[in-house]
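A.B. asks: mmCIF, C-alpha atoms and all ligand atoms, file work08.cif:
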data_data
loop_
_atom_site.label_atom_id
_atom_site.label_comp_id
_atom_site.auth_asym_id
_atom_site.auth_seq_id
_atom_site.Cartn_x
_atom_site.Cartn_y
_atom_site.Cartn_z
CA MET A 127 -48.02 86.99 11.42
CA PRO A 128 -45.19 89.34 10.50
CA ILE A 129 -44.67 89.73 6.78
CA VAL A 130 -41.16 91.08 7.02
CA THR A 131 -38.78 89.67 9.55
CA TRP A 132 -35.61 91.42 10.54
CA SER A 133 -32.46 89.46 10.06
CA ASP A 134 -28.92 90.59 10.82
CA GLU A 135 -28.03 90.00 7.20
CA TYR A 136 -29.92 93.25 6.48
CA ASN A 137 -27.53 95.27 8.60
CA VAL A 138 -25.80 97.96 6.64
CA ASN A 139 -23.38 98.45 9.55
CA VAL A 140 -24.23 102.06 10.16
CA GLU A 141 -25.84 102.10 13.58
CA LYS A 142 -28.29 104.93 13.06
CA ILE A 143 -29.53 103.51 9.76
CA ASP A 144 -29.87 99.95 11.08
CA LYS A 145 -31.82 101.15 14.10
CA GLN A 146 -34.21 103.05 11.87
CA HIS A 147 -34.56 100.08 9.52
CA ARG A 148 -35.58 97.82 12.39
CA HIS A 149 -38.19 100.33 13.46
CA LEU A 150 -39.39 100.75 9.89
CA LEU A 151 -39.95 97.00 9.49
CA GLN A 152 -41.81 96.98 12.78
CA LEU A 153 -44.14 99.71 11.52
CA VAL A 154 -44.70 97.81 8.25
CA ASN A 155 -45.57 94.68 10.22
CA ASP A 156 -47.90 96.59 12.53
CA LEU A 157 -49.65 98.02 9.51
CA HIS A 158 -50.01 94.62 7.93
CA SER A 159 -51.48 93.15 11.11
CA ALA A 160 -53.88 96.08 11.32
CA VAL A 161 -55.07 95.45 7.77
CA GLU A 162 -55.51 91.75 8.47
CA ALA A 163 -57.55 92.62 11.54
CA ARG A 164 -59.49 95.11 9.39
CA ILE A 165 -59.20 97.89 11.88
CA ASP A 166 -61.18 101.05 11.49
CA LYS A 167 -60.24 103.16 8.44
CA GLU A 168 -59.45 106.25 10.49
CA GLU A 169 -57.07 104.23 12.67
CA LEU A 170 -55.51 102.72 9.59
CA LYS A 171 -55.03 106.16 8.11
CA LYS A 172 -53.28 107.32 11.28
CA MET A 173 -50.93 104.32 11.12
CA LEU A 174 -50.18 104.96 7.47
CA ILE A 175 -49.43 108.59 8.15
CA GLY A 176 -47.13 107.49 10.99
CA LEU A 177 -45.32 105.10 8.69
CA THR A 178 -45.02 107.77 6.01
CA GLU A 179 -43.63 110.32 8.47
CA PHE A 180 -41.10 107.91 9.88
CA THR A 181 -40.07 106.84 6.38
CA ARG A 182 -39.56 110.50 5.45
CA THR A 183 -37.37 111.03 8.52
CA HIS A 184 -35.38 107.91 7.76
CA PHE A 185 -34.83 108.85 4.12
CA ALA A 186 -33.66 112.30 5.23
CA THR A 187 -31.09 110.64 7.51
CA GLU A 188 -29.68 108.63 4.61
CA GLU A 189 -29.82 111.56 2.21
CA GLN A 190 -27.87 113.79 4.60
CA LEU A 191 -25.15 111.14 4.82
CA MET A 192 -25.10 110.71 1.05
CA SER A 193 -24.80 114.45 0.47
CA LYS A 194 -22.17 114.86 3.17
CA HIS A 195 -19.95 112.22 1.62
CA ASP A 196 -20.84 112.94 -1.99
CA TYR A 197 -22.13 109.41 -2.56
CA PRO A 198 -21.73 108.56 -6.27
CA ASP A 199 -25.15 106.88 -6.63
CA GLN A 200 -27.10 109.43 -4.66
CA LYS A 201 -29.19 110.62 -7.57
CA ALA A 202 -30.74 107.19 -8.21
CA HIS A 203 -31.12 106.55 -4.49
CA PHE A 204 -32.88 109.90 -3.89
CA LYS A 205 -35.16 109.15 -6.83
CA GLU A 206 -36.12 105.80 -5.35
CA HIS A 207 -36.88 107.47 -2.01
CA ARG A 208 -39.15 110.00 -3.74
CA MET A 209 -40.94 107.18 -5.56
CA LEU A 210 -41.56 105.21 -2.36
CA LEU A 211 -42.85 108.30 -0.56
CA ARG A 212 -45.16 108.97 -3.48
CA HIS A 213 -46.55 105.43 -3.20
CA LEU A 214 -47.10 105.87 0.51
CA GLY A 215 -48.80 109.20 -0.17
CA ASP A 216 -51.08 107.49 -2.71
CA LEU A 217 -51.94 104.87 -0.14
CA VAL A 218 -52.89 107.50 2.45
CA HIS A 219 -54.96 109.20 -0.22
CA ALA A 220 -56.71 105.94 -1.17
CA VAL A 221 -57.63 105.24 2.46
CA SER A 222 -58.84 108.84 2.81
CA GLN A 223 -61.11 108.17 -0.16
CA GLY A 224 -62.68 105.26 1.69
CA LYS A 225 -60.77 102.39 0.10
CA TYR A 226 -59.51 99.56 2.20
CA PRO A 227 -56.14 98.32 1.00
CA THR A 228 -55.43 94.64 0.58
CA PHE A 229 -51.66 95.11 0.24
CA TYR A 230 -51.44 92.26 -2.21
CA SER A 231 -52.63 93.95 -5.33
CA ASP A 232 -52.31 97.58 -6.27
CA TYR A 233 -51.26 98.56 -2.75
CA ASP A 234 -48.28 96.31 -2.84
CA VAL A 235 -46.05 99.11 -1.62
CA SER A 236 -46.43 98.18 2.02
CA THR A 237 -45.42 94.56 1.77
CA ASP A 238 -41.78 94.07 1.03
CA TRP A 239 -40.74 97.45 -0.40
CA ALA A 240 -38.75 98.23 2.72
CA LEU A 241 -36.66 95.08 2.49
CA VAL A 242 -36.20 95.33 -1.26
CA HIS A 243 -34.99 98.89 -0.86
CA ILE A 244 -32.64 97.97 1.97
CA LYS A 245 -31.09 95.17 -0.06
CA GLU A 246 -30.81 96.99 -3.35
CA TYR A 247 -30.03 100.54 -2.30
CA ASP A 248 -29.07 100.79 1.36
CA MET A 249 -26.60 97.94 1.49
CA PRO A 250 -24.33 99.44 -1.18
CA LEU A 251 -24.67 102.76 0.65
CA GLY A 252 -23.62 101.06 3.89
CA ILE A 253 -20.53 99.62 2.25
CA PHE A 254 -19.63 103.06 0.93
CA LEU A 255 -20.18 104.79 4.27
CA ASN A 256 -18.05 102.24 6.06
CA GLU A 257 -15.23 103.00 3.66
CA VAL A 258 -15.38 106.78 4.00
CA GLU A 259 -16.35 107.31 7.66
FE FE B 1 -32.48 104.32 1.21
FE FE B 2 -33.07 102.88 4.37
#
Just dump the structure as structure tokens.

C.D. replies:
Amino acid sequence: MPIVTWSDEYNVNVEKIDKQHRHLLQLVNDLHSAVEARIDKEELKKMLIGLTEFTRTHFATEEQLMSKHDYPDQKAHFKEHRMLLRHLGDLVHAVSQGKYPTFYSDYDVSTDWALVHIKEYDMPLGIFLNEVE
């Protein structure tokens, strides 16, 4: 069962960002299903690395737009991106160490972080970009 479901209310109305967000949520859901199915740790690690890489690419997309338009809240937004990437990195590390994440306790980062971030940080960014672009 998907844990995060895309809804149009999450659109930030910047096509490139929305497209990446939909893909990001798909990757989070795939990861969740994989954990539920208790797939092999090496496979899980590959998926996590894939999610981390895509997240990095996505954050870079947003950060380029923020820099280009001198977004007033970019500092806090960049900081949040760094924090999320650090969590994902920790998760990859934990799986590399042989742990199997449950995603409901200390590995909570892969449950709803993507949606929380979209709502709290990317939506205001979307409003700003729609005003300046
Ligand atoms: Fe963001
Ligand atoms: Fe985003």

A.B. asks: Skip Leu177 in chain A itself and residues of its chain fewer than 6 positions away, then list as a PyMOL selection string all residues within 8 Å of it, counting only C-alpha atoms.

C.D. replies: chain A and resi 150+153-154

A.B. asks: Around ligand FE 2 (chain B), at most 7 Å away and counting all atoms listed in the file, which residues are there? Put them as a ChimeraX atom specification, please.

C.D. replies: /A:143,147,184-185,188,243-244,248

A.B. asks: For a quick check of understanding, using only C-alpha atoms, which of A:Thr181, A:Ser222, A:Thr187, A:Asn155 has the smallest distance to Met209 in chain A?

C.D. replies: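 Of all the options, A:Thr181 lies closest to Met209 in chain A.
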
A.B. asks: Closest to Gly252 in chain A among A:Ser193, A:Gln152, A:Gln223, A:Asn139, using all atoms listed in the file?

C.D. replies: A:Asn139

A.B. asks: 12 Å from ligand FE 1 (chain B) is the threshold here; counting all atoms listed in the file, which polymer residues fall inside it? Answer as a PyMOL selection string.

C.D. replies: chain A and resi 138+143-144+146-147+150+181-192+199-211+239-252

A.B. asks: Please report the interatomic distance between CA of Ser133 in chain A and CA of Asp238 in chain A in Å with one decimal.

C.D. replies: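 Rounded to one decimal, the two atoms are 13.8 Å apart.
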
A.B. asks: Name the residues in contact with Glu168 in chain A at a cut-off of 10 Å, using only C-alpha atoms, excluding same-chain residues fewer than 5 positions from it; report them as a list in words.

C.D. replies: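 So, after excluding close chain neighbours, the residues are Met173, Leu174, Val221, Ser222 and Gly224 of chain A.
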
A.B. asks: Find, counting all atoms listed in the file, the residue in A:Asn256, A:Thr178, A:Asn137, A:Ser159 that gets nearest to His219 in chain A.

C.D. replies: A:Thr178

A.B. asks: State, in Å with one decimal place, the distance from CA of Leu214 in chain A to CA of Tyr226 in chain A.

C.D. replies: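 These atoms are spaced 14.0 Å apart.
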
A.B. asks: Any idea what the distance is between CA of Arg148 in chain A and CA of Thr131 in chain A?

C.D. replies: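 Interatomic distance here is 9.2 Å.
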
A.B. asks: Given the choices A:Glu141, A:Ala220, A:Lys167, A:Gly215, which gets closest to Glu179 in chain A if the distance is worked out from all atoms listed in the file?

C.D. replies: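 Between A:Glu141, A:Ala220, A:Lys167, A:Gly215, the residue approaching Glu179 in chain A most closely is A:Gly215.
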